[in-house]
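S.K.: Provided herewith: final_0.cif, mmCIF, C-alpha atoms.
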```cif
data_my_file
#
loop_
_atom_site.label_atom_id
_atom_site.label_comp_id
_atom_site.auth_asym_id
_atom_site.auth_seq_id
_atom_site.Cartn_x
_atom_site.Cartn_y
_atom_site.Cartn_z
CA MET A 22 154.61 45.95 150.10
CA ARG A 23 151.86 48.57 150.15
CA ILE A 24 150.31 47.46 146.81
CA ARG A 25 148.62 44.41 148.29
CA PRO A 26 146.35 46.35 150.70
CA LEU A 27 145.19 48.54 147.77
CA LEU A 28 144.35 45.52 145.63
CA PHE A 29 142.49 43.99 148.52
CA LEU A 30 140.43 47.15 148.95
CA CYS A 31 139.50 47.21 145.23
CA VAL A 32 138.37 43.60 145.39
CA LEU A 33 136.12 44.36 148.35
CA VAL A 34 134.53 47.28 146.50
CA CYS A 35 133.83 45.14 143.44
CA LEU A 36 132.31 42.39 145.55
CA ALA A 37 130.14 44.89 147.31
CA GLY A 38 128.90 46.19 143.95
CA CYS A 39 128.17 42.72 142.66
CA SER A 40 126.23 41.80 145.73
CA GLY A 41 123.75 44.75 145.24
CA GLU A 42 120.23 44.59 143.78
CA LYS A 43 119.70 44.16 140.04
CA PRO A 44 118.63 47.30 137.99
CA GLU A 45 114.99 47.74 137.16
CA ALA A 46 113.73 46.37 133.85
CA THR A 47 113.15 48.77 130.89
CA LYS A 48 109.76 50.55 131.09
CA PRO A 49 107.15 49.49 128.50
CA PRO A 50 106.47 52.00 125.68
CA ARG A 51 103.74 54.58 126.23
CA VAL A 52 100.49 53.85 124.43
CA VAL A 53 99.01 56.89 122.63
CA THR A 54 96.04 57.59 120.43
CA ALA A 55 96.73 59.52 117.24
CA VAL A 56 95.21 59.81 113.80
CA THR A 57 97.32 58.27 111.06
CA GLN A 58 97.15 58.71 107.34
CA PRO A 59 99.27 57.38 104.51
CA ALA A 60 101.65 59.64 102.66
CA THR A 61 100.55 59.34 99.03
CA LEU A 62 102.42 60.38 95.93
CA ARG A 63 99.62 61.73 93.75
CA GLU A 64 99.22 63.49 90.45
CA VAL A 65 98.30 67.14 90.83
CA VAL A 66 97.66 70.13 88.59
CA GLU A 67 99.93 72.95 89.71
CA CYS A 68 98.31 76.33 89.07
CA ARG A 69 99.35 79.94 89.11
CA SER A 70 96.86 82.44 90.42
CA PHE A 71 96.24 85.86 88.90
CA PRO A 72 94.12 88.72 90.24
CA ALA A 73 91.02 89.38 88.21
CA GLN A 74 87.97 91.59 88.23
CA VAL A 75 84.35 91.07 87.29
CA GLU A 76 83.28 92.90 84.14
CA SER A 77 79.92 93.06 82.46
CA ALA A 78 79.87 91.17 79.17
CA GLN A 79 77.92 94.15 77.78
CA SER A 80 79.65 97.33 78.83
CA VAL A 81 79.76 100.61 76.91
CA THR A 82 81.84 103.75 77.38
CA LEU A 83 79.89 106.74 76.11
CA ALA A 84 81.54 109.77 74.53
CA SER A 85 80.56 112.76 72.43
CA LYS A 86 81.70 113.82 68.98
CA VAL A 87 81.52 117.48 69.92
CA SER A 88 83.34 119.63 72.43
CA GLY A 89 81.48 121.67 74.96
CA THR A 90 80.56 122.31 78.58
CA VAL A 91 78.45 119.85 80.57
CA GLU A 92 75.28 121.87 80.97
CA ALA A 93 73.23 119.43 83.06
CA VAL A 94 73.63 116.02 84.73
CA SER A 95 70.55 113.82 85.05
CA ALA A 96 71.93 110.56 86.52
CA GLN A 97 74.26 109.59 89.33
CA GLU A 98 76.64 106.65 89.57
CA GLY A 99 74.81 103.48 90.51
CA ASP A 100 71.47 104.61 89.06
CA LEU A 101 69.42 102.06 87.15
CA LEU A 102 68.81 103.42 83.66
CA ARG A 103 66.27 102.57 81.02
CA ALA A 104 67.22 102.55 77.35
CA GLY A 105 67.11 106.13 76.08
CA ALA A 106 67.30 107.72 79.54
CA LEU A 107 69.20 111.02 79.61
CA ILE A 108 72.50 110.89 81.52
CA MET A 109 73.87 114.37 80.80
CA ARG A 110 73.53 117.20 78.31
CA LEU A 111 76.26 119.34 76.73
CA ASP A 112 76.01 123.00 75.84
CA ASP A 113 74.95 123.38 72.16
CA LYS A 114 75.17 127.16 71.74
CA ASP A 115 78.03 126.83 69.24
CA LEU A 116 75.97 124.44 67.15
CA THR A 117 73.01 126.80 67.27
CA SER A 118 75.07 129.74 66.03
CA GLN A 119 76.54 127.63 63.24
CA GLU A 120 73.09 126.49 62.28
CA GLN A 121 71.83 130.04 62.08
CA GLY A 122 74.73 130.99 59.80
CA LEU A 123 74.00 128.03 57.54
CA VAL A 124 70.32 128.98 57.34
CA ALA A 125 71.31 132.45 56.19
CA SER A 126 73.76 131.04 53.64
CA ARG A 127 71.12 128.68 52.30
CA GLU A 128 68.57 131.48 51.88
CA GLN A 129 71.12 133.71 50.17
CA ALA A 130 72.12 130.89 47.81
CA ALA A 131 68.46 130.24 47.03
CA ARG A 132 67.82 133.90 46.18
CA GLU A 133 70.91 134.08 44.01
CA LYS A 134 69.85 130.92 42.24
CA GLN A 135 66.44 132.41 41.52
CA ALA A 136 67.94 135.65 40.14
CA LEU A 137 70.44 133.78 38.01
CA ALA A 138 67.73 131.42 36.79
CA ALA A 139 65.68 134.42 35.61
CA LYS A 140 68.70 135.85 33.77
CA ALA A 141 69.43 132.45 32.28
CA THR A 142 65.84 132.22 31.01
CA LEU A 143 66.14 135.62 29.32
CA ALA A 144 69.51 134.67 27.86
CA LYS A 145 68.03 131.48 26.47
CA THR A 146 65.20 133.42 24.81
CA THR A 147 67.71 135.83 23.34
CA MET A 148 69.87 133.01 22.04
CA GLU A 149 66.90 131.32 20.38
CA ARG A 150 65.88 134.63 18.74
CA MET A 151 69.44 135.13 17.52
CA GLY A 152 69.35 131.67 16.06
CA LYS A 153 66.28 132.47 13.97
CA LEU A 154 67.78 135.77 12.80
CA LEU A 155 71.02 133.99 11.94
CA ALA A 156 69.07 131.61 9.74
CA GLY A 157 67.63 134.62 7.85
CA ARG A 158 71.05 136.24 7.60
CA ALA A 159 69.79 139.14 9.74
CA VAL A 160 72.61 138.90 12.32
CA SER A 161 76.15 137.71 12.18
CA GLN A 162 77.50 134.51 13.57
CA GLU A 163 79.47 136.50 16.14
CA ASP A 164 76.28 137.99 17.61
CA PHE A 165 74.76 134.53 17.97
CA ASP A 166 77.88 133.16 19.64
CA LYS A 167 77.86 136.00 22.18
CA ALA A 168 74.23 135.27 23.09
CA LYS A 169 74.96 131.54 23.46
CA ALA A 170 78.03 132.15 25.63
CA GLU A 171 76.05 134.42 27.92
CA TYR A 172 73.36 131.76 28.30
CA ASP A 173 75.92 129.05 29.05
CA ALA A 174 77.64 131.23 31.65
CA LEU A 175 74.37 132.01 33.41
CA SER A 176 73.43 128.32 33.37
CA ARG A 177 76.71 127.45 35.10
CA GLN A 178 76.11 130.19 37.68
CA VAL A 179 72.65 128.73 38.39
CA GLU A 180 74.21 125.31 38.93
CA ALA A 181 76.86 126.79 41.26
CA ALA A 182 74.20 128.57 43.31
CA ALA A 183 72.20 125.36 43.53
CA ALA A 184 75.30 123.48 44.68
CA GLN A 185 75.99 126.13 47.32
CA GLU A 186 72.41 125.80 48.55
CA ALA A 187 72.76 121.99 48.70
CA THR A 188 76.02 122.34 50.62
CA SER A 189 74.31 124.52 53.21
CA VAL A 190 71.48 121.99 53.53
CA ALA A 191 73.99 119.14 53.98
CA LYS A 192 75.90 121.04 56.66
CA MET A 193 72.63 121.72 58.45
CA GLY A 194 71.94 118.00 58.44
CA GLU A 195 75.41 117.37 59.86
CA LEU A 196 74.77 119.89 62.63
CA THR A 197 71.46 118.20 63.40
CA ALA A 198 73.31 114.90 63.78
CA LEU A 199 75.97 116.52 65.96
CA ARG A 200 73.29 118.08 68.13
CA SER A 201 72.14 114.58 69.07
CA TYR A 202 75.61 113.95 70.53
CA THR A 203 75.09 116.75 73.03
CA ARG A 204 72.54 114.48 74.72
CA ILE A 205 74.27 111.50 76.34
CA ILE A 206 71.67 108.75 76.72
CA ALA A 207 71.71 105.12 77.89
CA PRO A 208 71.94 102.76 74.89
CA PHE A 209 70.22 99.90 76.79
CA ASP A 210 68.81 99.03 80.19
CA GLY A 211 71.75 99.18 82.55
CA ILE A 212 73.55 100.68 85.51
CA LEU A 213 75.58 103.88 85.40
CA ALA A 214 78.84 102.32 86.56
CA LYS A 215 80.98 105.47 86.29
CA ARG A 216 80.53 109.10 85.38
CA TYR A 217 83.79 110.69 84.34
CA VAL A 218 82.72 114.37 84.41
CA ASP A 219 80.51 116.62 86.51
CA GLN A 220 78.31 119.54 85.64
CA GLY A 221 80.27 122.56 84.43
CA ALA A 222 83.24 120.58 83.14
CA PHE A 223 84.52 121.26 79.63
CA VAL A 224 84.98 118.14 77.54
CA THR A 225 86.69 117.63 74.22
CA ALA A 226 85.40 115.53 71.36
CA GLY A 227 85.97 111.83 71.97
CA ALA A 228 86.63 112.13 75.71
CA PRO A 229 84.90 109.40 77.80
CA LEU A 230 81.88 110.71 79.66
CA ALA A 231 80.09 107.72 81.22
CA LEU A 232 80.36 103.94 81.59
CA VAL A 233 77.16 101.90 81.42
CA ASP A 234 77.00 98.19 82.33
CA ALA A 235 74.09 95.97 81.43
CA ALA A 236 71.72 95.60 84.39
CA THR A 237 71.05 91.96 83.64
CA GLY A 238 73.07 89.58 81.58
CA ASP A 239 76.37 87.78 81.50
CA TYR A 240 79.54 88.69 83.38
CA ASP A 241 83.19 87.96 82.68
CA LEU A 242 86.12 87.48 85.01
CA THR A 243 89.03 89.26 83.35
CA ALA A 244 92.69 88.81 84.28
CA GLN A 245 96.12 89.74 82.95
CA VAL A 246 98.03 86.44 82.63
CA ASP A 247 101.75 85.83 82.16
CA GLU A 248 102.68 85.35 78.52
CA SER A 249 104.38 82.00 79.24
CA LEU A 250 100.97 80.40 79.87
CA MET A 251 99.33 81.46 76.60
CA ALA A 252 100.11 78.20 74.79
CA GLY A 253 98.21 76.15 77.38
CA LEU A 254 94.97 78.14 77.14
CA ARG A 255 92.19 77.80 74.60
CA GLN A 256 88.63 78.95 74.13
CA ASP A 257 85.93 76.99 76.03
CA GLN A 258 88.57 75.54 78.38
CA THR A 259 87.45 75.01 81.99
CA LEU A 260 89.45 76.78 84.72
CA LEU A 261 89.06 77.38 88.44
CA ALA A 262 88.24 80.79 89.85
CA VAL A 263 87.06 82.37 93.07
CA ILE A 264 85.32 85.61 94.05
CA PRO A 265 85.91 85.96 97.81
CA SER A 266 83.11 88.48 98.36
CA LEU A 267 80.57 86.00 96.96
CA SER A 268 81.93 82.59 97.97
CA HIS A 269 85.10 81.20 99.54
CA ASP A 270 84.91 78.02 97.49
CA PRO A 271 86.40 77.84 93.99
CA PHE A 272 84.12 77.17 91.04
CA ALA A 273 84.48 76.41 87.35
CA VAL A 274 84.59 79.13 84.71
CA THR A 275 84.77 78.83 80.93
CA VAL A 276 87.37 80.65 78.87
CA ARG A 277 85.48 83.07 76.64
CA ALA A 278 88.45 84.72 74.94
CA VAL A 279 92.24 84.65 74.94
CA VAL A 280 93.40 88.03 73.68
CA GLY A 281 96.59 87.22 71.81
CA ARG A 282 98.18 90.67 72.05
CA VAL A 283 100.86 90.81 74.77
CA ASP A 284 101.37 94.00 76.73
CA PRO A 285 105.09 94.80 76.23
CA ALA A 286 105.31 96.60 79.58
CA SER A 287 103.96 93.81 81.82
CA ARG A 288 104.52 90.84 79.46
CA THR A 289 100.94 89.71 80.08
CA PHE A 290 97.86 89.12 77.95
CA LYS A 291 94.16 89.45 78.70
CA LEU A 292 92.13 86.38 79.63
CA LYS A 293 88.33 86.59 79.75
CA CYS A 294 86.34 83.84 81.48
CA ALA A 295 82.55 83.59 81.50
CA LEU A 296 81.02 83.43 84.98
CA PRO A 297 78.31 80.82 85.59
CA HIS A 298 74.84 82.08 86.41
CA PRO A 299 74.29 81.92 89.31
CA VAL A 300 77.74 81.70 90.90
CA PRO A 301 77.90 78.36 92.79
CA GLY A 302 77.58 78.71 96.54
CA THR A 303 75.72 82.02 96.56
CA ASP A 304 72.46 83.58 95.45
CA THR A 305 73.99 87.05 95.23
CA PRO A 306 74.60 88.12 91.63
CA PRO A 307 78.05 89.39 90.71
CA ARG A 308 78.69 93.07 90.20
CA ALA A 309 81.14 94.70 87.84
CA GLY A 310 84.38 95.61 89.59
CA MET A 311 84.36 92.77 92.15
CA PHE A 312 87.76 91.24 92.95
CA GLY A 313 88.48 87.64 92.07
CA ARG A 314 91.24 85.25 91.08
CA VAL A 315 91.73 82.91 88.15
CA PHE A 316 93.83 79.77 88.59
CA VAL A 317 95.66 78.91 85.37
CA PRO A 318 97.23 75.41 85.08
CA ALA A 319 101.00 75.61 84.74
CA ARG A 320 101.91 71.90 84.71
CA VAL A 321 100.77 68.43 85.72
CA THR A 322 103.18 66.69 88.09
CA LYS A 323 103.40 64.25 90.99
CA LYS A 324 103.97 65.44 94.54
CA LEU A 325 104.16 63.88 97.98
CA LEU A 326 101.98 66.16 100.07
CA VAL A 327 101.66 66.23 103.85
CA PRO A 328 99.19 68.36 105.83
CA GLU A 329 101.01 71.32 107.31
CA ALA A 330 99.57 70.45 110.73
CA CYS A 331 101.40 67.10 110.67
CA LEU A 332 104.83 68.76 110.53
CA ALA A 333 106.75 69.59 113.70
CA LYS A 334 109.94 71.54 114.27
CA ARG A 335 112.90 69.95 116.10
CA GLY A 336 115.11 72.94 116.43
CA ASP A 337 115.24 74.26 112.87
CA LEU A 338 114.60 70.87 111.27
CA PRO A 339 111.12 69.88 110.03
CA THR A 340 110.10 66.42 111.15
CA VAL A 341 107.17 64.03 110.83
CA THR A 342 106.13 61.18 113.09
CA VAL A 343 105.99 57.88 111.20
CA ALA A 344 104.39 54.70 112.52
CA ASP A 345 106.14 51.43 111.61
CA THR A 346 104.40 48.13 110.96
CA ASP A 347 104.23 47.42 114.72
CA GLY A 348 102.65 50.79 115.47
CA VAL A 349 105.78 52.22 117.08
CA LEU A 350 106.33 55.91 116.41
CA HIS A 351 109.60 57.29 115.07
CA PHE A 352 110.66 60.85 114.33
CA ARG A 353 111.95 61.41 110.85
CA VAL A 354 113.66 64.53 109.51
CA VAL A 355 112.30 65.57 106.11
CA LYS A 356 113.19 68.12 103.46
CA THR A 357 110.23 70.23 102.50
CA GLY A 358 109.35 72.35 99.49
CA ALA A 359 106.59 74.87 98.88
CA THR A 360 103.33 75.15 100.77
CA PHE A 361 100.08 74.86 98.81
CA LEU A 362 96.35 75.10 99.06
CA ALA A 363 94.78 72.01 97.53
CA VAL A 364 91.36 71.81 95.91
CA ASP A 365 89.82 68.55 94.73
CA PHE A 366 87.67 69.33 91.71
CA HIS A 367 86.10 66.89 89.25
CA GLY A 368 88.39 64.07 90.37
CA ARG A 369 91.62 66.07 90.10
CA THR A 370 93.71 67.89 92.68
CA TYR A 371 94.57 71.49 91.93
CA LEU A 372 97.36 73.25 93.83
CA THR A 373 97.98 76.92 94.26
CA ASP A 374 100.02 79.02 96.64
CA SER A 375 97.37 81.73 96.69
CA GLU A 376 95.61 82.96 99.82
CA ALA A 377 92.72 84.27 97.74
CA PHE A 378 90.21 81.71 98.95
CA GLY A 379 89.77 83.98 101.94
CA GLU A 380 89.06 81.11 104.32
CA THR A 381 91.54 80.78 107.18
CA GLY A 382 90.34 77.27 108.08
CA ARG A 383 91.25 75.76 104.74
CA GLU A 384 93.87 73.02 105.13
CA ARG A 385 97.32 73.71 103.73
CA PHE A 386 99.73 71.09 102.43
CA VAL A 387 103.53 70.97 102.31
CA GLU A 388 105.50 69.18 99.61
CA VAL A 389 107.97 66.64 101.03
CA ILE A 390 111.00 66.34 98.78
CA SER A 391 112.94 63.70 100.74
CA GLY A 392 112.84 61.79 104.03
CA LEU A 393 109.43 60.25 103.43
CA SER A 394 108.31 57.49 101.10
CA ASP A 395 105.06 56.81 99.33
CA GLY A 396 102.84 54.73 101.61
CA ASP A 397 104.45 55.68 104.95
CA ARG A 398 101.93 56.09 107.76
CA ILE A 399 102.08 59.51 109.36
CA ALA A 400 100.78 60.10 112.88
CA CYS A 401 99.15 63.48 113.06
CA ASP A 402 97.68 64.78 116.29
CA PRO A 403 98.40 68.48 116.79
CA GLY A 404 96.72 68.48 120.21
CA ALA A 405 98.94 65.75 121.70
CA THR A 406 102.66 65.38 122.44
CA LEU A 407 104.09 62.41 120.61
CA ARG A 408 107.44 60.90 121.62
CA GLU A 409 109.95 58.64 120.02
CA GLY A 410 109.09 55.01 120.75
CA ASP A 411 105.40 55.58 121.60
CA ARG A 412 103.06 52.85 120.48
CA LEU A 413 99.72 53.48 118.85
CA ALA A 414 96.72 52.19 120.70
CA GLY A 415 95.36 49.02 119.10
CA ALA A 416 98.64 48.22 117.35
CA ALA A 417 99.90 44.60 117.45
CA LYS A 418 102.71 44.02 119.97
#
```
Just dump the structure as structure tokens.
M.R.:
Amino acid sequence: MRIRPLLFLCVLVCLAGCSGEKPEATKPPRVVTAVTQPATLREVVECRSFPAQVESAQSVTLASKVSGTVEAVSAQEGDLLRAGALIMRLDDKDLTSQEQGLVASREQAAREKQALAAKATLAKTTMERMGKLLAGRAVSQEDFDKAKAEYDALSRQVEAAAAQEATSVAKMGELTALRSYTRIIAPFDGILAKRYVDQGAFVTAGAPLALVDAATGDYDLTAQVDESLMAGLRQDQTLLAVIPSLSHDPFAVTVRAVVGRVDPASRTFKLKCALPHPVPGTDTPPRAGMFGRVFVPARVTKKLLVPEACLAKRGDLPTVTVADTDGVLHFRVVKTGATFLAVDFHGRTYLTDSEAFGETGRERFVEVISGLSDGDRIACDPGATLREGDRLAGAAK
């Protein structure tokens, strides 16, 4: 049969394979050097950041009680002003014409009062004479009553003229007070932060004309904060803030006021925080209008945070490299959450997702939701290529 030669050939092939050399032994794991750090579940203060601006604690918007044309401007924005320095002057021609009319009315009332007073004096003399004649039965009672009525009427006319004169004097005093409002002056030593009108502009009574900030003094960092955080804020509470143009590092501010009225359009309320003097990390004083951020605590929680640089992508899956007890490296797929900036301040860790620190070199952290346990050692070496099964240098074999 032909089957036997085929079986014989298969046996020869198998014997030939068995008689070959043995395969090489498995290569030893590669030894690498990498920085490791434990993954720690720690308590953190999760914050929400809100844009803010620096405002002078003493800031005044100047206006006038009279309408008129800006006749002259004596100060420019940014000028340093002394208390009482003239900023601008309004045209007072209308006040001058009114004053002239009141002077004329006062003089006329005074002359009328004098004439009426003379008539009243004569009427009084006549009444007294009639009284004596009435006692001697020389005149009738009706004649005496007519003389008395005339005197009383003239007396009332004298009083009316005096009142009209006093009214004119009072109105002149009011015009004198209004004339002072045509001169817009600095109420204290400060800086002309904003001038709302230029020379030649017509302004109405009550319209803002200039904004003056105190040259020296305290400053506030003011922000509009979401209404949901109002319950967690109180006066004199310490918060974190940053002013990027002065310093990239956050610093502590004290809550000066929590304005309880909520803006119905934005659903926010005003938060005012007192800036320290000087601002930590800089010798440059703050200026009104500077941009900043306030970090308001939202909740205290526990998170497992990993430096963003320690994460690697395997396809679309985020992974970390974990070292076991023998120092052997293993890739582990993890589920991540949000990315944060972390700031350690007064023994506590504050988290925010804001980029407002303005420092690109600041380390960012990623929350690991699953795939990693508290205490796991993570190998992190962004400059090296780590592989599954590598052994850390110095690890026990």
S.K.: With a distance cut-off of 6 Å and all atoms listed in the file, select the neighbouring residues of range 353-370 of chain A, excluding the residue or stretch itself and same-chain residues fewer than 3 positions from it, and output the selection as a CSV table (one decimal) with C-alpha atoms, in the frame of the given file.
M.R.:
```csv
chain,number,residue,atom,x,y,z
A,65,VAL,CA,98.3,67.1,90.8
A,339,PRO,CA,111.1,69.9,110.0
A,340,THR,CA,110.1,66.4,111.2
A,341,VAL,CA,107.2,64.0,110.8
A,373,THR,CA,98.0,76.9,94.3
A,374,ASP,CA,100.0,79.0,96.6
A,385,ARG,CA,97.3,73.7,103.7
A,386,PHE,CA,99.7,71.1,102.4
A,387,VAL,CA,103.5,71.0,102.3
A,388,GLU,CA,105.5,69.2,99.6
A,389,VAL,CA,108.0,66.6,101.0
A,390,ILE,CA,111.0,66.3,98.8
A,391,SER,CA,112.9,63.7,100.7
A,392,GLY,CA,112.8,61.8,104.0
```
S.K.: Within 8 Å of range 302-325 of chain A, which residues of range 185-257 of chain A come that close, and what is the closest atom pair and distance in Å for each? Count only C-alpha atoms and give it as a Markdown table.
M.R.:
```
| residue | atom | partner | partner_atom | distance |
| --- | --- | --- | --- | --- |
| A:Asp234 | CA | A:Ala309 | CA | 7.7 |
| A:Tyr240 | CA | A:Pro307 | CA | 7.5 |
| A:Leu242 | CA | A:Gly313 | CA | 7.4 |
| A:Ala244 | CA | A:Val315 | CA | 7.1 |
| A:Leu250 | CA | A:Ala319 | CA | 6.8 |
| A:Gly253 | CA | A:Pro318 | CA | 7.8 |
```
S.K.: Take the selection from the previous step and output its residues with C-alpha atoms, as a CSV table (one decimal), in the coordinates of the input.
M.R.:
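Result file is part-v7.csv:
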```csv
chain,number,residue,atom,x,y,z
A,234,ASP,CA,77.0,98.2,82.3
A,240,TYR,CA,79.5,88.7,83.4
A,242,LEU,CA,86.1,87.5,85.0
A,244,ALA,CA,92.7,88.8,84.3
A,250,LEU,CA,101.0,80.4,79.9
A,253,GLY,CA,98.2,76.2,77.4
```
S.K.: Using the chain letters and numbers from the file, give me the residues hit by the PyMOL selection byres ((chain A and resi 254) around 10), as a ChimeraX atom specification.
M.R.: /A:250-253,255-260,276,278-279,292,317-318
S.K.: Using only C-alpha atoms, please write the residues we just selected to a file, as an mmCIF file, in the coordinates of the input.
M.R.:
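Saved to out_32.cif:
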```cif
data_model
loop_
_atom_site.group_PDB
_atom_site.id
_atom_site.type_symbol
_atom_site.label_atom_id
_atom_site.label_comp_id
_atom_site.auth_asym_id
_atom_site.auth_seq_id
_atom_site.Cartn_x
_atom_site.Cartn_y
_atom_site.Cartn_z
ATOM 1 C CA LEU A 250 100.970 80.400 79.870
ATOM 2 C CA MET A 251 99.330 81.460 76.600
ATOM 3 C CA ALA A 252 100.110 78.200 74.790
ATOM 4 C CA GLY A 253 98.210 76.150 77.380
ATOM 5 C CA ARG A 255 92.190 77.800 74.600
ATOM 6 C CA GLN A 256 88.630 78.950 74.130
ATOM 7 C CA ASP A 257 85.930 76.990 76.030
ATOM 8 C CA GLN A 258 88.570 75.540 78.380
ATOM 9 C CA THR A 259 87.450 75.010 81.990
ATOM 10 C CA LEU A 260 89.450 76.780 84.720
ATOM 11 C CA VAL A 276 87.370 80.650 78.870
ATOM 12 C CA ALA A 278 88.450 84.720 74.940
ATOM 13 C CA VAL A 279 92.240 84.650 74.940
ATOM 14 C CA LEU A 292 92.130 86.380 79.630
ATOM 15 C CA VAL A 317 95.660 78.910 85.370
ATOM 16 C CA PRO A 318 97.230 75.410 85.080
#
```
S.K.: With only C-alpha atoms as the atoms that count, which of A:Asp397, A:Glu92, A:Asp166, A:Asp173 lies nearest to Ala222 in chain A?
M.R.: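 Smallest separation from Ala222 in chain A among the options: A:Glu92.
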S.K.: Hey, which of A:Thr197, A:Thr346, A:Ser80, A:Thr54 ends up closest to Phe209 in chain A? Count all atoms listed in the file.
M.R.: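 Using all atoms listed in the file, the shortest distance to Phe209 in chain A belongs to A:Ser80.
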S.K.: Out of A:Lys140, A:Arg204, A:Arg51, A:Lys192, which residue has the shortest atom-to-atom distance to Val91 in chain A when counting only C-alpha atoms?
M.R.: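 Result for the nearest residue to Val91 in chain A: A:Arg204.
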S.K.: Apply the PyMOL selection byres ((chain A and resi 62) around 9) to the file shown and report the selected residues as a list in words.
M.R.: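 Checking the PyMOL selection byres ((chain A and resi 62) around 9) against this file, the residues are Ala60, Thr61, Arg63, Glu64, Lys323, Lys324, Leu325, Leu326, Ser394, Asp395 and Gly396 of chain A.
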S.K.: List the neighbours of Asp113 in chain A out to 8 Å using all atoms listed in the file; skip same-chain residues closer than 3 positions along the sequence, and give me the result as a list in words.
M.R.: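 Using all atoms listed in the file, the neighbours found are Gly89, Leu116, Thr117, Arg200 and Thr203 of chain A.
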S.K.: Looking at only C-alpha atoms, which of A:Val179, A:Val66, A:Leu102, A:Ala174 is the one that sits closest to Arg132 in chain A?
M.R.: A:Val179
S.K.: Taking N, CA and C atoms as the atom set, what does range 388-404 of chain A look like once completed, written as a CSV table (one decimal), in the coordinates of the input?
M.R.:
```csv
chain,number,residue,atom,x,y,z
A,388,GLU,N,104.8,70.2,100.5
A,388,GLU,CA,105.5,69.2,99.6
A,388,GLU,C,106.7,68.6,100.3
A,389,VAL,N,106.8,67.3,100.4
A,389,VAL,CA,108.0,66.6,101.0
A,389,VAL,C,108.9,66.2,99.9
A,390,ILE,N,110.1,66.7,99.9
A,390,ILE,CA,111.0,66.3,98.8
A,390,ILE,C,111.8,65.1,99.1
A,391,SER,N,112.2,64.9,100.3
A,391,SER,CA,112.9,63.7,100.7
A,391,SER,C,112.7,63.4,102.2
A,392,GLY,N,113.0,62.2,102.6
A,392,GLY,CA,112.8,61.8,104.0
A,392,GLY,C,111.6,61.0,104.3
A,393,LEU,N,110.7,60.9,103.3
A,393,LEU,CA,109.4,60.2,103.4
A,393,LEU,C,109.1,59.5,102.1
A,394,SER,N,108.6,58.3,102.3
A,394,SER,CA,108.3,57.5,101.1
A,394,SER,C,106.8,57.3,100.9
A,395,ASP,N,106.5,57.0,99.7
A,395,ASP,CA,105.1,56.8,99.3
A,395,ASP,C,104.5,55.6,100.1
A,396,GLY,N,103.4,55.8,100.8
A,396,GLY,CA,102.8,54.7,101.6
A,396,GLY,C,103.2,54.8,103.1
A,397,ASP,N,104.1,55.6,103.5
A,397,ASP,CA,104.4,55.7,105.0
A,397,ASP,C,103.2,56.2,105.7
A,398,ARG,N,103.0,55.6,106.9
A,398,ARG,CA,101.9,56.1,107.8
A,398,ARG,C,102.4,57.2,108.7
A,399,ILE,N,101.7,58.3,108.6
A,399,ILE,CA,102.1,59.5,109.4
A,399,ILE,C,101.1,59.7,110.5
A,400,ALA,N,101.6,59.8,111.7
A,400,ALA,CA,100.8,60.1,112.9
A,400,ALA,C,100.6,61.6,113.0
A,401,CYS,N,99.4,62.0,113.0
A,401,CYS,CA,99.2,63.5,113.1
A,401,CYS,C,98.1,63.8,114.1
A,402,ASP,N,98.6,64.4,115.2
A,402,ASP,CA,97.7,64.8,116.3
A,402,ASP,C,98.2,66.1,116.9
A,403,PRO,N,97.8,67.2,116.3
A,403,PRO,CA,98.4,68.5,116.8
A,403,PRO,C,98.1,68.8,118.3
A,404,GLY,N,97.1,68.2,118.8
A,404,GLY,CA,96.7,68.5,120.2
A,404,GLY,C,97.5,67.6,121.2
```
